[in-house]
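**Student:** Here it is: the structure, laid out below.
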Amino acid sequence: IFPGSVDTAGQRATLGVLGGGQLGRMFVHAAQRLGYFTAVLDPDAQSPAGLVSHHHIQTAYDDPAGLAQLAQLCQAITTEFENVPAQALQTLAQTRAVAPGAAVVGIAQNRIEEKAHFTACADISGVTCAPYTVIETPAQLQDVLANRADLLPGILKTARMGYDGKGQVRVKTVEELGAAWAELGGVACVLEKMLPLTAECSVLVARGWDGQVVSFAPQRNVHVDGILAVTHAYEGNMPPALATRSREAAVAIAQHLGYVGVLCVEFFVVDDGSAHGGLVVNEMAPRPHNSGHYTLDACDASQFDLQVHAMAGLPLPQPRQHSAAIMLNLLGEVWLDASGQRREPDWQAVLSLPGTHLHLYGKEHARIGRKMGHLTITGPDVDSVKTVARRAAGWLG
Ligand code: ADP
Ligand code: MG
């Protein structure tokens, strides 16, 4: 699909995205830079991506008329939100190029299938997931209560619809486990052993229709209350042996899935007594990822550029990071004072610092934990970036 092309019927080359959140917005920006028209399907009239797209189809993700309109407008379609019904991608794929495909999105949407996939390709990826078991029925719960004390303390996670730490309960005892499953509504879950994490990292991989693969170096991520807070992206952000292993593992996982598009694989680094610690695969997101936002400002091709290239069948450039970077997520609390009143952050002060790149997603209402924007700090070396990041974080409270 050639950027900027117009077909014989006068239709502009158009790329579509299911979901209108900030990831969709940054995708739209990247597509438009290459001259594509864009279409966003999202029910929210004020969705961050819908606000900046040529077309905004305002229907539910599974609305047949909305999906038909998206297919009619676009030559290729992607998703920015992993809880979009895989069935919608399936329907679109009957007539249009869809990347990633419904099958792989379906796997990533379900922790049970996701862990089965990680286990199935452990031989080629060289990494396993945390010890876990599946709880889907009361009988399975009873069995786990009686026989799997080895998984405690653990985390009970719903198989579907979890994000930003939602749908998870930490449990120490069998009594707490029984109560937690009831609290989660008795839905399909995985119980995962709580691991002694020393760090977390993620790797972004992009794979094309022809199997070409490129990847970014792993970024180190710091979560607070289950939500990404800070991403460290620079040489030396983690031990070199772990960086190499996680990057190779993520590529192997994408290849084993026959994946097309941008995939983010999250890893835990655990203290296993070895020199660098052990690497454990946590989960994957079938789309660009919050931990890859620094690529917009610190790399010569961003994760969103690669998503555009992959879905449109353009060559995938191997991205080169040209600056050290730290990304700070800007959650709703930055806009709220101690009494919960809205306040404007002191952008004047923050933006006077060198190498600061502010990205706001156009969301009107600030709520605790809501992702409103992010700030990437770039610089020639790690020390200067860290200094600016500390000062910026100070200004932002
Ligand atoms: P989400 O879909 O909400 O991102 P995750 O499974 O990635 O769910 O869990 C969110 C965070 O909770 C992780 O980034 C990590 O900090 C912590 N966490 C999750 N599972 C474990 C575990 N088995 N051991 C220790 N910490 C965990
Ligand atoms: Mg996660």
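For the structure tokens, the naming scheme is as follows: chains receive sequential letters (A, B, ...) according to their order of presentation, residues are indexed from 1 within each chain, and ligands are indexed from 1 in presentation order.
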Among region 185-240 of chain A, which ones does DSSP assign to strand (DSSP E) (computed from the backbone)? Answer as a PyMOL selection string.

**Tutor:** chain A and resi 189-193+197-207+213-215+219-224+227-233

**Student:** Let me have all residues with an atom within 9 Å of ligand 1, counting only C-alpha atoms and all ligand atoms, laid out as a tab-separated table (two decimals) with N, CA and C atoms, in the first residue's frame.

**Tutor:**
chain	number	residue	atom	x	y	z
A	111	ARG	N	-4.70	-15.01	29.25
A	111	ARG	CA	-3.45	-15.41	29.92
A	111	ARG	C	-3.22	-16.91	29.87
A	129	CYS	N	7.79	-19.08	31.63
A	129	CYS	CA	7.04	-18.13	32.46
A	129	CYS	C	7.10	-18.56	33.92
A	130	ALA	N	6.58	-17.72	34.80
A	130	ALA	CA	6.57	-18.04	36.24
A	130	ALA	C	5.74	-19.31	36.45
A	131	PRO	N	6.08	-20.12	37.48
A	131	PRO	CA	5.26	-21.30	37.76
A	131	PRO	C	3.81	-20.88	37.96
A	132	TYR	N	2.87	-21.62	37.38
A	132	TYR	CA	1.46	-21.21	37.45
A	132	TYR	C	0.56	-22.42	37.29
A	154	GLY	N	1.23	-15.97	45.97
A	154	GLY	CA	1.08	-15.87	44.52
A	154	GLY	C	0.17	-14.71	44.13
A	155	ILE	N	-0.05	-14.62	42.82
A	155	ILE	CA	-0.97	-13.59	42.30
A	155	ILE	C	-2.02	-14.31	41.48
A	156	LEU	N	-3.27	-14.07	41.84
A	156	LEU	CA	-4.38	-14.62	41.07
A	156	LEU	C	-4.75	-13.56	40.04
A	157	LYS	N	-4.72	-13.95	38.76
A	157	LYS	CA	-4.99	-12.99	37.67
A	157	LYS	C	-6.13	-13.52	36.81
A	161	MET	N	-9.07	-9.61	30.04
A	161	MET	CA	-9.42	-8.23	30.37
A	161	MET	C	-8.57	-7.57	31.45
A	162	GLY	N	-7.45	-8.16	31.83
A	162	GLY	CA	-6.60	-7.49	32.83
A	162	GLY	C	-5.68	-6.48	32.15
A	163	TYR	N	-5.44	-5.36	32.78
A	163	TYR	CA	-4.41	-4.43	32.32
A	163	TYR	C	-4.09	-3.50	33.48
A	164	ASP	N	-2.90	-2.90	33.45
A	164	ASP	CA	-2.47	-1.97	34.49
A	164	ASP	C	-2.74	-2.53	35.90
A	165	GLY	N	-2.51	-3.82	36.08
A	165	GLY	CA	-2.67	-4.43	37.39
A	165	GLY	C	-4.11	-4.70	37.79
A	166	LYS	N	-5.06	-4.40	36.89
A	166	LYS	CA	-6.47	-4.66	37.22
A	166	LYS	C	-6.77	-6.14	37.01
A	167	GLY	N	-7.75	-6.65	37.79
A	167	GLY	CA	-8.09	-8.06	37.68
A	167	GLY	C	-7.05	-8.97	38.31
A	168	GLN	N	-6.35	-8.43	39.32
A	168	GLN	CA	-5.32	-9.23	40.00
A	168	GLN	C	-5.48	-9.11	41.51
A	191	LEU	N	-3.27	-18.76	38.57
A	191	LEU	CA	-2.57	-18.46	39.82
A	191	LEU	C	-1.09	-18.58	39.51
A	192	GLU	N	-0.38	-17.50	39.77
A	192	GLU	CA	1.03	-17.44	39.40
A	192	GLU	C	1.85	-17.25	40.67
A	193	LYS	N	2.95	-17.92	40.77
A	193	LYS	CA	3.81	-17.77	41.94
A	193	LYS	C	4.39	-16.36	41.95
A	194	MET	N	4.41	-15.74	43.13
A	194	MET	CA	5.03	-14.42	43.29
A	194	MET	C	6.55	-14.60	43.22
A	195	LEU	N	7.19	-13.91	42.32
A	195	LEU	CA	8.64	-14.07	42.15
A	195	LEU	C	9.38	-12.88	42.74
A	196	PRO	N	10.59	-13.10	43.25
A	196	PRO	CA	11.40	-11.99	43.77
A	196	PRO	C	12.01	-11.21	42.60
A	197	LEU	N	11.30	-10.18	42.14
A	197	LEU	CA	11.78	-9.44	40.96
A	197	LEU	C	12.92	-8.52	41.35
A	199	ALA	N	14.14	-6.70	38.60
A	199	ALA	CA	13.88	-5.69	37.56
A	199	ALA	C	12.83	-6.22	36.61
A	200	GLU	N	12.31	-5.31	35.78
A	200	GLU	CA	11.41	-5.71	34.70
A	200	GLU	C	11.88	-5.03	33.43
A	201	CYS	N	11.70	-5.73	32.31
A	201	CYS	CA	12.06	-5.12	31.04
A	201	CYS	C	11.09	-5.57	29.96
A	221	ASN	N	11.77	-1.21	32.86
A	221	ASN	CA	10.53	-0.56	33.26
A	221	ASN	C	10.34	-0.61	34.77
A	222	VAL	N	9.86	0.49	35.32
A	222	VAL	CA	9.52	0.54	36.74
A	222	VAL	C	8.02	0.74	36.87
A	223	HIS	N	7.35	-0.18	37.55
A	223	HIS	CA	5.89	-0.09	37.74
A	223	HIS	C	5.60	0.38	39.16
A	224	VAL	N	4.56	1.17	39.31
A	224	VAL	CA	4.07	1.54	40.64
A	224	VAL	C	2.59	1.18	40.69
A	225	ASP	N	2.21	0.42	41.70
A	225	ASP	CA	0.83	-0.06	41.81
A	225	ASP	C	0.34	-0.74	40.53
A	226	GLY	N	1.23	-1.53	39.90
A	226	GLY	CA	0.84	-2.28	38.71
A	226	GLY	C	0.78	-1.46	37.44
A	227	ILE	N	1.10	-0.15	37.50
A	227	ILE	CA	1.05	0.70	36.31
A	227	ILE	C	2.46	1.16	35.98
A	228	LEU	N	2.78	1.16	34.70
A	228	LEU	CA	4.11	1.62	34.29
A	228	LEU	C	4.30	3.07	34.74
A	266	GLU	N	6.96	-8.60	27.57
A	266	GLU	CA	7.41	-8.14	28.89
A	266	GLU	C	8.10	-9.29	29.64
A	267	PHE	N	9.20	-8.94	30.31
A	267	PHE	CA	9.97	-9.94	31.05
A	267	PHE	C	10.15	-9.49	32.51
A	268	PHE	N	10.32	-10.50	33.36
A	268	PHE	CA	10.77	-10.28	34.73
A	268	PHE	C	12.23	-10.69	34.81
A	270	VAL	N	14.59	-12.08	37.72
A	270	VAL	CA	14.43	-12.58	39.09
A	270	VAL	C	15.78	-12.95	39.68
A	282	ASN	N	6.81	-12.64	31.02
A	282	ASN	CA	5.59	-12.31	31.75
A	282	ASN	C	4.37	-12.32	30.84
A	283	GLU	N	4.30	-11.38	29.92
A	283	GLU	CA	3.14	-11.33	29.03
A	283	GLU	C	3.52	-10.60	27.77
A	284	MET	N	2.60	-10.59	26.80
A	284	MET	CA	2.89	-9.87	25.55
A	284	MET	C	1.70	-9.03	25.17
A	285	ALA	N	1.98	-7.93	24.48
A	285	ALA	CA	0.93	-7.04	24.00
A	285	ALA	C	1.01	-7.02	22.48

**Student:** List as a short mmCIF file (atom, residue, chain, number, x, y, z; two decimals) with N, CA and C atoms, in the first residue's frame the protein and nucleic acid residues near Lys386 (chain A), meaning an atom at most 12 Å away when only C-alpha atoms are counted, but skip any in the same chain fewer than 2 places from it.

**Tutor:**
data_model
loop_
_atom_site.label_atom_id
_atom_site.label_comp_id
_atom_site.auth_asym_id
_atom_site.auth_seq_id
_atom_site.Cartn_x
_atom_site.Cartn_y
_atom_site.Cartn_z
N VAL A 230 7.98 4.53 34.92
CA VAL A 230 9.20 5.05 34.30
C VAL A 230 9.81 3.99 33.39
N THR A 231 10.29 4.42 32.23
CA THR A 231 11.05 3.52 31.35
C THR A 231 12.46 4.08 31.18
N HIS A 232 13.45 3.21 31.38
CA HIS A 232 14.85 3.57 31.21
C HIS A 232 15.35 2.96 29.91
N ALA A 233 15.74 3.81 28.97
CA ALA A 233 16.16 3.30 27.66
C ALA A 233 17.51 3.92 27.30
N TYR A 234 18.56 3.22 27.66
CA TYR A 234 19.92 3.67 27.33
C TYR A 234 20.87 2.50 27.50
N ASN A 237 21.32 -0.05 30.63
CA ASN A 237 20.13 -0.05 31.49
C ASN A 237 19.90 -1.40 32.14
N ALA A 324 20.18 8.76 24.58
CA ALA A 324 19.75 8.10 25.81
C ALA A 324 18.39 8.68 26.18
N ALA A 325 17.52 7.88 26.80
CA ALA A 325 16.18 8.39 27.10
C ALA A 325 15.61 7.81 28.39
N ILE A 326 14.82 8.66 29.06
CA ILE A 326 13.99 8.21 30.18
C ILE A 326 12.59 8.72 29.91
N MET A 327 11.60 7.83 30.03
CA MET A 327 10.21 8.23 29.84
C MET A 327 9.48 8.21 31.18
N LEU A 328 8.79 9.31 31.47
CA LEU A 328 7.97 9.39 32.68
C LEU A 328 6.51 9.39 32.24
N LEU A 353 13.61 22.66 30.83
CA LEU A 353 14.72 21.71 31.02
C LEU A 353 15.15 21.18 29.65
N PRO A 354 16.45 20.95 29.44
CA PRO A 354 16.91 20.51 28.11
C PRO A 354 16.47 19.08 27.79
N GLY A 355 16.09 18.86 26.53
CA GLY A 355 15.80 17.50 26.07
C GLY A 355 14.46 16.96 26.53
N THR A 356 13.53 17.84 26.91
CA THR A 356 12.22 17.33 27.35
C THR A 356 11.24 17.35 26.18
N THR A 376 9.18 12.43 27.64
CA THR A 376 10.44 11.73 27.36
C THR A 376 11.58 12.74 27.48
N ILE A 377 12.62 12.32 28.14
CA ILE A 377 13.80 13.16 28.28
C ILE A 377 14.93 12.49 27.51
N THR A 378 15.48 13.22 26.55
CA THR A 378 16.60 12.66 25.78
C THR A 378 17.84 13.51 26.01
N GLY A 379 18.98 12.88 25.80
CA GLY A 379 20.23 13.62 25.96
C GLY A 379 21.38 12.80 25.42
N PRO A 380 22.55 13.42 25.40
CA PRO A 380 23.72 12.76 24.81
C PRO A 380 24.26 11.63 25.70
N ASP A 381 24.00 11.68 26.97
CA ASP A 381 24.52 10.63 27.86
C ASP A 381 23.56 10.37 29.01
N VAL A 382 23.75 9.23 29.63
CA VAL A 382 22.83 8.76 30.66
C VAL A 382 22.76 9.73 31.84
N ASP A 383 23.92 10.24 32.25
CA ASP A 383 23.94 11.07 33.46
C ASP A 383 23.12 12.34 33.28
N SER A 384 23.27 12.99 32.12
CA SER A 384 22.52 14.24 31.94
C SER A 384 21.02 13.94 31.87
N VAL A 388 18.10 15.53 34.44
CA VAL A 388 16.90 16.25 33.99
C VAL A 388 15.64 15.50 34.45
N ALA A 389 15.67 14.17 34.36
CA ALA A 389 14.48 13.38 34.74
C ALA A 389 14.14 13.61 36.21
N ARG A 390 15.16 13.68 37.05
CA ARG A 390 14.92 13.91 38.48
C ARG A 390 14.29 15.29 38.70
N ARG A 391 14.81 16.28 37.97
CA ARG A 391 14.26 17.64 38.15
C ARG A 391 12.82 17.70 37.63
N ALA A 392 12.59 17.07 36.48
CA ALA A 392 11.23 17.09 35.91
C ALA A 392 10.26 16.39 36.85
N ALA A 393 10.69 15.25 37.38
CA ALA A 393 9.81 14.50 38.28
C ALA A 393 9.51 15.35 39.51
#

**Student:** What's around region 71-82 of chain A at 8 Å? Count only C-alpha atoms, leave out sequence neighbours fewer than 5 positions away in its own chain, and write the answer as JSON, numbers by chain.

**Tutor:** {"A": [1, 13, 14, 15, 16, 17, 18, 19, 20, 21, 23, 24, 38, 39, 92, 95, 96, 97, 98, 99, 100, 105, 108, 109, 285, 286, 287, 288, 311, 312]}

**Student:** So which residues touch Leu263 (chain A) within 10 Å, counting only C-alpha atoms, skipping near sequence neighbours fewer than 4 positions away, as a list in words?

**Tutor:**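 Using only C-alpha atoms, the neighbours found are Pro100, Val203, Leu204, Val205, Ala206, Arg207, Ser215, Ala250, Val251, Ile253, Ala254, Tyr259, Met284, Ala285, Pro286, Arg287, Pro288, His289, Gln303 and Gln307 of chain A.
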
**Student:** Produce a file of the selected residues containing C-alpha atoms, as an mmCIF file, in the first residue's frame.

**Tutor:**
data_model
loop_
_atom_site.group_PDB
_atom_site.id
_atom_site.type_symbol
_atom_site.label_atom_id
_atom_site.label_comp_id
_atom_site.auth_asym_id
_atom_site.auth_seq_id
_atom_site.Cartn_x
_atom_site.Cartn_y
_atom_site.Cartn_z
ATOM 1 C CA PRO A 100 -1.769 -8.443 13.816
ATOM 2 C CA VAL A 203 11.276 -5.767 24.108
ATOM 3 C CA LEU A 204 9.570 -4.409 20.990
ATOM 4 C CA VAL A 205 9.714 -6.505 17.860
ATOM 5 C CA ALA A 206 8.301 -5.690 14.436
ATOM 6 C CA ARG A 207 7.720 -8.409 11.859
ATOM 7 C CA SER A 215 13.721 -5.152 17.115
ATOM 8 C CA ALA A 250 11.134 -11.797 22.031
ATOM 9 C CA VAL A 251 12.115 -12.304 18.388
ATOM 10 C CA ILE A 253 8.255 -15.627 20.332
ATOM 11 C CA ALA A 254 7.123 -13.315 17.495
ATOM 12 C CA TYR A 259 3.221 -12.471 13.973
ATOM 13 C CA MET A 284 2.893 -9.874 25.553
ATOM 14 C CA ALA A 285 0.925 -7.043 23.999
ATOM 15 C CA PRO A 286 -0.063 -7.404 20.326
ATOM 16 C CA ARG A 287 0.543 -3.731 19.541
ATOM 17 C CA PRO A 288 2.905 -0.856 20.292
ATOM 18 C CA HIS A 289 3.359 -0.444 24.032
ATOM 19 C CA GLN A 303 7.400 1.770 17.285
ATOM 20 C CA GLN A 307 3.591 -0.585 12.866
#

**Student:** I need the residue nearest Pro319 (chain A) from this list: A:Ala217, A:Gln87, A:Gly258, A:Gly394. Use only C-alpha atoms for the distance.

**Tutor:**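 So, comparing all the options, the nearest one is A:Ala217.
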
**Student:** For Val269 (chain A), which residue among A:Ala31, A:Leu296, A:Val127, A:Ala103 is the nearest when counting only C-alpha atoms?

**Tutor:**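 Using only C-alpha atoms, Val269 (chain A) sits closest to A:Val127.
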
**Student:** Which parts of region 301-334 of chain A does DSSP call helix (DSSP H, G or I) when run on the backbone here, written out as a short mmCIF file (atom, residue, chain, number, x, y, z; two decimals) with N, CA and C atoms, in the first residue's frame?

**Tutor:**
data_model
loop_
_atom_site.label_atom_id
_atom_site.label_comp_id
_atom_site.auth_asym_id
_atom_site.auth_seq_id
_atom_site.Cartn_x
_atom_site.Cartn_y
_atom_site.Cartn_z
N GLN A 303 8.23 2.98 17.33
CA GLN A 303 7.40 1.77 17.28
C GLN A 303 6.16 1.99 16.42
N PHE A 304 5.68 3.22 16.34
CA PHE A 304 4.48 3.50 15.53
C PHE A 304 4.84 3.53 14.04
N ASP A 305 6.01 4.07 13.71
CA ASP A 305 6.48 4.01 12.32
C ASP A 305 6.56 2.56 11.87
N LEU A 306 7.10 1.71 12.74
CA LEU A 306 7.26 0.30 12.35
C LEU A 306 5.91 -0.38 12.20
N GLN A 307 4.93 0.00 13.02
CA GLN A 307 3.59 -0.58 12.87
C GLN A 307 3.02 -0.20 11.50
N VAL A 308 3.20 1.05 11.11
CA VAL A 308 2.72 1.52 9.81
C VAL A 308 3.43 0.73 8.69
N HIS A 309 4.75 0.66 8.77
CA HIS A 309 5.50 -0.05 7.73
C HIS A 309 5.07 -1.51 7.65
N ALA A 310 4.94 -2.16 8.81
CA ALA A 310 4.63 -3.60 8.80
C ALA A 310 3.26 -3.84 8.16
N MET A 311 2.25 -3.10 8.58
CA MET A 311 0.90 -3.40 8.08
C MET A 311 0.76 -3.03 6.61
N ALA A 312 1.49 -1.98 6.17
CA ALA A 312 1.37 -1.52 4.78
C ALA A 312 2.29 -2.29 3.84
N GLY A 332 -3.17 10.81 35.79
CA GLY A 332 -4.13 11.84 36.19
C GLY A 332 -3.74 12.60 37.43
N GLU A 333 -3.03 11.93 38.36
CA GLU A 333 -2.71 12.60 39.64
C GLU A 333 -1.83 13.84 39.45
N VAL A 334 -1.10 13.90 38.33
CA VAL A 334 -0.26 15.07 38.06
C VAL A 334 -1.14 16.33 37.92
#
